[in-house]
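**Student:** Here it is, the structure, as structure tokens.
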There are 2 protein chains.
Amino acid sequence: MPGDLGSRPTLEGVAAHAGVSRATVSRVVNGNVGVRAEIRERVQQSVRSLGYVPNRAARSLVTRRTGAVAVVIAEPETRVFSDPFFAQQLRGISRELSAHDTQLLLLLLEQRRDYDRIGRYLSGGHVDGALMFSLHTDDPLPAMAAESGLPTVFGGRPGWPGADREPLPLYVDTDNRGGARQAVEHLLERGRRRIAVITGPLDQTSALDRLHGYRDALDVREADPDLVAHGGFTAEGGERAMAELLTRSPTLDAVFAGSDLMASGAVRALRAAGRRVPDEVAVVGYDDLEPAAWADPPLTTVRQDVEGMGRMMAELLLRRLSHEPGRAPAPGSVPGSVVTPARLVVRASS
Amino acid sequence: MPGDLGSRPTLEGVAAHAGVSRATVSRVVNGNVGVRAEIRERVQQSVRSLGYVPNRAARSLVTRRTGAVAVVIAEPETRVFSDPFFAQQLRGISRELSAHDTQLLLLLLEQRRDYDRIGRYLSGGHVDGALMFSLHTDDPLPAMAAESGLPTVFGGRPGWPGADREPLPLYVDTDNRGGARQAVEHLLERGRRRIAVITGPLDQTSALDRLHGYRDALDVREADPDLVAHGGFTAEGGERAMAELLTRSPTLDAVFAGSDLMASGAVRALRAAGRRVPDEVAVVGYDDLEPAAWADPPLTTVRQDVEGMGRMMAELLLRRLSHEPGRAPAPGSVPGSVVTPARLVVRASS
């Protein structure tokens with residue numbers, strides 16, 4: 001390895017300056033024992049006079065600890081910053097990691113090919129663990145997490161091929177199926193009979209589980225295709241889906257949307273079509289993020305503790321990391337996956 | 001260094017498996033020349049059969065390249081995700097970095113003490129450079145950037161002590177002073193005579209420069225203290241500041257707010273006080289982010305190309321990095337700081 005790689009002082013430079021070996025400098029910098037006091041003092045003086053900053057990449061070869069955790073959201077950066085769900089999940093993660101003096105690194109991506117780069121970074125020894133959420137069944141992320149050897153916690157029930165094999169992935173989810181069932185049962189109790197559903201992307205377990213909850217409540221094996229439309233978890237998608245449903249099923253009297261954003265789009269489409277909410281068409285959303293309460297009319301929705309789920313993901317990972325490296329934890333000493341409850345919140349839209 | 005540091009296969013393990021030295025494995029893994037074909041093949045087979053992932057921390061000791069850039073926004077995570085300014089700046093950065101296959105790492109922070117951790121991560125050899133924005137004059141970030149030796153580009157004109165000393169910091173800014181002057185001149189042309197100003201935090205150069213632009217337009221050395229209030233660059237702050245101004249100067253007929261968020265808060269306060277916008281009080285914002293056009297009434301504002309500024313920050317940094325390491329670039333081969341223009345956009349609020 002050449003001695004001068006750039007403008008920053010190197011370990012080799014310190015070794016030459018202090019007249020000791022590279023290994024001795026490394027031991028002093030990493031606080032290891034076995035270095036005589038006068039040698040330690042001489043090395044520390046060289047470190048100070050050269051302005052050497054111990055390279056944590058080098059140190060991580062010894063300690064395998066970087067003090068940082070990667071967060072990957074399997075969505076383009078534009079969605080990460082426009083959907084309040086992600087901000088709230090990140091809030092919980094950020095607060096928990098900060099409380100444990102661990103750095104949150106949000107790895108942003110724009111397009112499919114960016115995954116390769118993310119895989120390289122995860123495998124590069126720059127982080128101690130990873131949190132991944134909003135995964136789709138064909139995402140390469142779970143395989144990357146496995147390859148990197150990094151302890152990983154997922155947000156949402158794993159739905160990718162092989163997720164049911166040992167070692168089971170660690171995850172935090174909410175009771176999406178039960179929450180959706182409550183939403184649709186509420187519409188039935190309100191006397192609604194033609195209840196449509198707007199789903200998120202069905203390659204995501206949260207969207208799929210909410211569709212299953214809809215079917216549970218209606219007690220049907222398959223939903224009436226005229227009453228199902230896909231809204232892609234965005235407001236624009238919800239608006240388009242609602243317009244489609246009104247064309248296909250003009251007599252519908254209610255709609256359950258799998259997210260508040262899609263529900264807000266549905267309300268816009270209903271208003272554009274001259275249908276009164278809730279008199280003619282009742283609307284229920286999902287998430288209970290801030291915009292649900294501000295909406296006009298305020299949205300009936302299913303509350304999940306998004307920030308709390310973020311916090312729990314971080315907590316699970318930190319507990320996993322405290323048992324690393326390389327040793328199997330004692331049975332029962334590491335908590336397993338968590339599924340949090342969902343609860344209907346009734347407001348004016350239903 | 002011990003041979004087995006954890007459950008992941010190590011360079012040492014590969015060396016033992018292939019019956020070669022650690023240095024030979026390192027040369028093969030880093031694609032260096034000088035290794036005979038049959039040895040290279042044997043090492044590659046060991047890498048495959050052990051499932052060894054080349055440790056980029058180790059590799060970065062040789063290449064000093066991680067393929068990643070840190071982005072630090074000197075605000076708590078809640079503001080990063082609630083102010084559309086940051087989303088748009090990050091969009092430009094993310095697109096530019098992605099186009100150059102460079103990973104964006106957003107380092108989130110919650111509180112003051114998190115800066116120490118960020119400094120450690122930046123000095124740790126995990127990134128090739130840094131982009132920093134929304135700095136306050138007392139932020140420790142510029143000193144950390146200097147200490148880390150990382151090439152750094154700042155968003156916004158540097159205002160910290162010592163920023164005018166060589167080597168001058170590299171930054172991208174917009175003409176805040178000129179933009180604010182245009183805004184206030186427009187209000188004067190509309191016949192307004194009692195023009196108040198709502199400022200951002202005056203320890204940020206963007207807020208300070210906009211206040212100077214207000215004074216330029218009114219041709220005064222100091223603003224009338226009864227017409228100045230501080231809104232902290234948030235909607236709530238703008239609302240509070242406007243309420244204060246109405247109490248102190250009930251005859252005001254216009255307000256220039258240093259951001260669209262503060263302007264939207266000001267409109268709320270004016271409405272609550274029964275003042276019509278723009279008939280009784282004209283309002284002008286700053287930024288021209290999406291919410292400005294959607295506001296009721298749509299906001300007159302000063303447009304700055306926030307996404308473009310993010311793009312330029314990333315571009316400047318990538319060009320700096322392509323001249324690293326350790327060699328001074330040829331004069332004129334690396335572009336300097338950039339100040340982009342600002343332009344008044346007249347809508348219904350003035």
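Labeling convention for the structure tokens: chains A, B, ... as they appear, residues from 1 per chain, ligands from 1 in order of appearance.
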Residues near Thr301 (chain B), anyone? I mean within 8 Å using only C-alpha atoms, not counting same-chain ones fewer than 6 positions away, as a count of residues only.
**Tutor:** 12
**Student:** Can you tell me which residues surround Gly231 (chain B) at a distance of at most 9 Å, considering only C-alpha atoms, apart from same-chain residues fewer than 5 positions away, and format the answer as a list in words?
**Tutor:**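 Near neighbours after the sequence-gap exclusion: Ile198, Thr199, Gly200, Pro201, Glu236, Gly237, Gly238, Glu239, Arg240, Ala241, Met242, Ala257, Gly258 and Met262 of chain B.
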**Student:** What's around Gln111 (chain B) at 12 Å? Count only C-alpha atoms, leave out sequence neighbours fewer than 2 positions away in its own chain, and write the answer as a list in words.
**Tutor:**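 Listed by chain and then number, they are Ser94, Arg95, Leu97, Ser98, Ala99 and Asp101 of chain A; Ala74, Glu75, Pro76, Glu77, Thr78, Arg79, Leu108, Leu109, Arg113, Asp114, Tyr115, Asp116, Arg117 and Ile118 of chain B.
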**Student:** Selection from above, C-alpha atoms, as a PDB file, in the first residue's frame, can you write it?
**Tutor:**
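Okay, selection03.pdb is ready:
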```pdb
ATOM      1  CA  SER A  94     -34.861   8.507  14.044  1.00  0.00           C
ATOM      2  CA  ARG A  95     -35.879   9.171  17.644  1.00  0.00           C
ATOM      3  CA  LEU A  97     -31.695   5.543  17.049  1.00  0.00           C
ATOM      4  CA  SER A  98     -30.783   9.023  18.282  1.00  0.00           C
ATOM      5  CA  ALA A  99     -31.647   8.003  21.847  1.00  0.00           C
ATOM      6  CA  ASP A 101     -26.449   7.455  19.818  1.00  0.00           C
TER       7      ASP A 101
ATOM      8  CA  ALA B  74     -28.866  21.266   9.847  1.00  0.00           C
ATOM      9  CA  GLU B  75     -32.434  20.919  11.084  1.00  0.00           C
ATOM     10  CA  PRO B  76     -34.266  18.347  13.196  1.00  0.00           C
ATOM     11  CA  GLU B  77     -35.774  15.478  11.230  1.00  0.00           C
ATOM     12  CA  THR B  78     -39.342  16.812  11.791  1.00  0.00           C
ATOM     13  CA  ARG B  79     -38.571  20.000   9.848  1.00  0.00           C
ATOM     14  CA  LEU B 108     -30.788  12.619  10.006  1.00  0.00           C
ATOM     15  CA  LEU B 109     -30.469  14.344  13.347  1.00  0.00           C
ATOM     16  CA  ARG B 113     -25.736  16.454  20.612  1.00  0.00           C
ATOM     17  CA  ASP B 114     -26.297  14.388  17.449  1.00  0.00           C
ATOM     18  CA  TYR B 115     -23.741  16.582  15.704  1.00  0.00           C
ATOM     19  CA  ASP B 116     -20.876  14.794  17.474  1.00  0.00           C
ATOM     20  CA  ARG B 117     -22.011  11.505  16.034  1.00  0.00           C
ATOM     21  CA  ILE B 118     -22.348  13.005  12.569  1.00  0.00           C
TER      22      ILE B 118
END
```
**Student:** Could you tell me how far CA of Gln182 (chain A) sits from CA of Asp216 (chain A), in Å to one decimal place?
**Tutor:**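 So the two atoms, CA of Asp216 (chain A) and CA of Gln182 (chain A), lie 9.7 Å apart.
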**Student:** Pick out each residue of region 67-268 of chain A that DSSP on the backbone tags as alpha helix (DSSP H); I need them as number ranges by chain.
**Tutor:** A: 77-82, 84-99, 114-122, 141-148, 176-189, 205-218, 235-248, 260-268
**Student:** Taking only C-alpha atoms into account, name the residue in B:Met309, B:Leu261, B:Arg48, B:Arg271 that is nearest to Pro291 (chain B).
**Tutor:**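 Nearest to Pro291 (chain B): B:Leu261.
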**Student:** What's the 12 Å shell around Asn176 (chain A), counting only C-alpha atoms, without same-chain residues fewer than 3 positions away, as a PyMOL selection string?
**Tutor:** chain A and resi 156-157+172-173+179-183+204-214+216+258-259+286-287+302-305+339-344
**Student:** Rounded to one decimal place, report the CA of Glu166 (chain B)-CA of Gln103 (chain B) distance in Å.
**Tutor:**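 If I compute the distance from CA of Glu166 (chain B) to CA of Gln103 (chain B), I get 29.5 Å.
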**Student:** Measure the distance from CA of Asp253 (chain B) to CA of Ala348 (chain B) in Å and round it to one decimal.
**Tutor:** 15.2 Å
**Student:** From a DSSP pass on the backbone, collect the residues of region 89-141 of chain A flagged as strand (DSSP E or B) and hand them back as a ChimeraX atom specification.
**Tutor:** /A:103-108,129-133
**Student:** Near Glu280 (chain A), within 12 Å and counting only C-alpha atoms, which residues show up once chain neighbours fewer than 6 positions away are dropped, as a list in words?
**Tutor:**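 Once the adjacent positions are removed, what remains is Gly191, Arg192, Arg193, Arg194, Ile195, Pro250, Thr251, Leu252, Asp253, Ala254, Val255, Val267, Leu270, Arg271, Ala273, Gly274, Ser349 and Ser350 of chain A.
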**Student:** With only C-alpha atoms as the atoms that count, which of B:Leu90, B:Leu50, B:Val14, B:Ile39 lies nearest to chain A?
**Tutor:** B:Leu90
**Student:** Pick from A:Ala68, A:Val281, A:Ala217, A:Leu289: nearest to Ala314 (chain A), with only C-alpha atoms counted?
**Tutor:** A:Ala68
**Student:** Between B:Thr66, B:Ser46, B:Thr247, B:Thr174, which one has atoms that come closest to chain A, using only C-alpha atoms?
**Tutor:**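 Checking each candidate against chain A, we get B:Thr66 as the closest.
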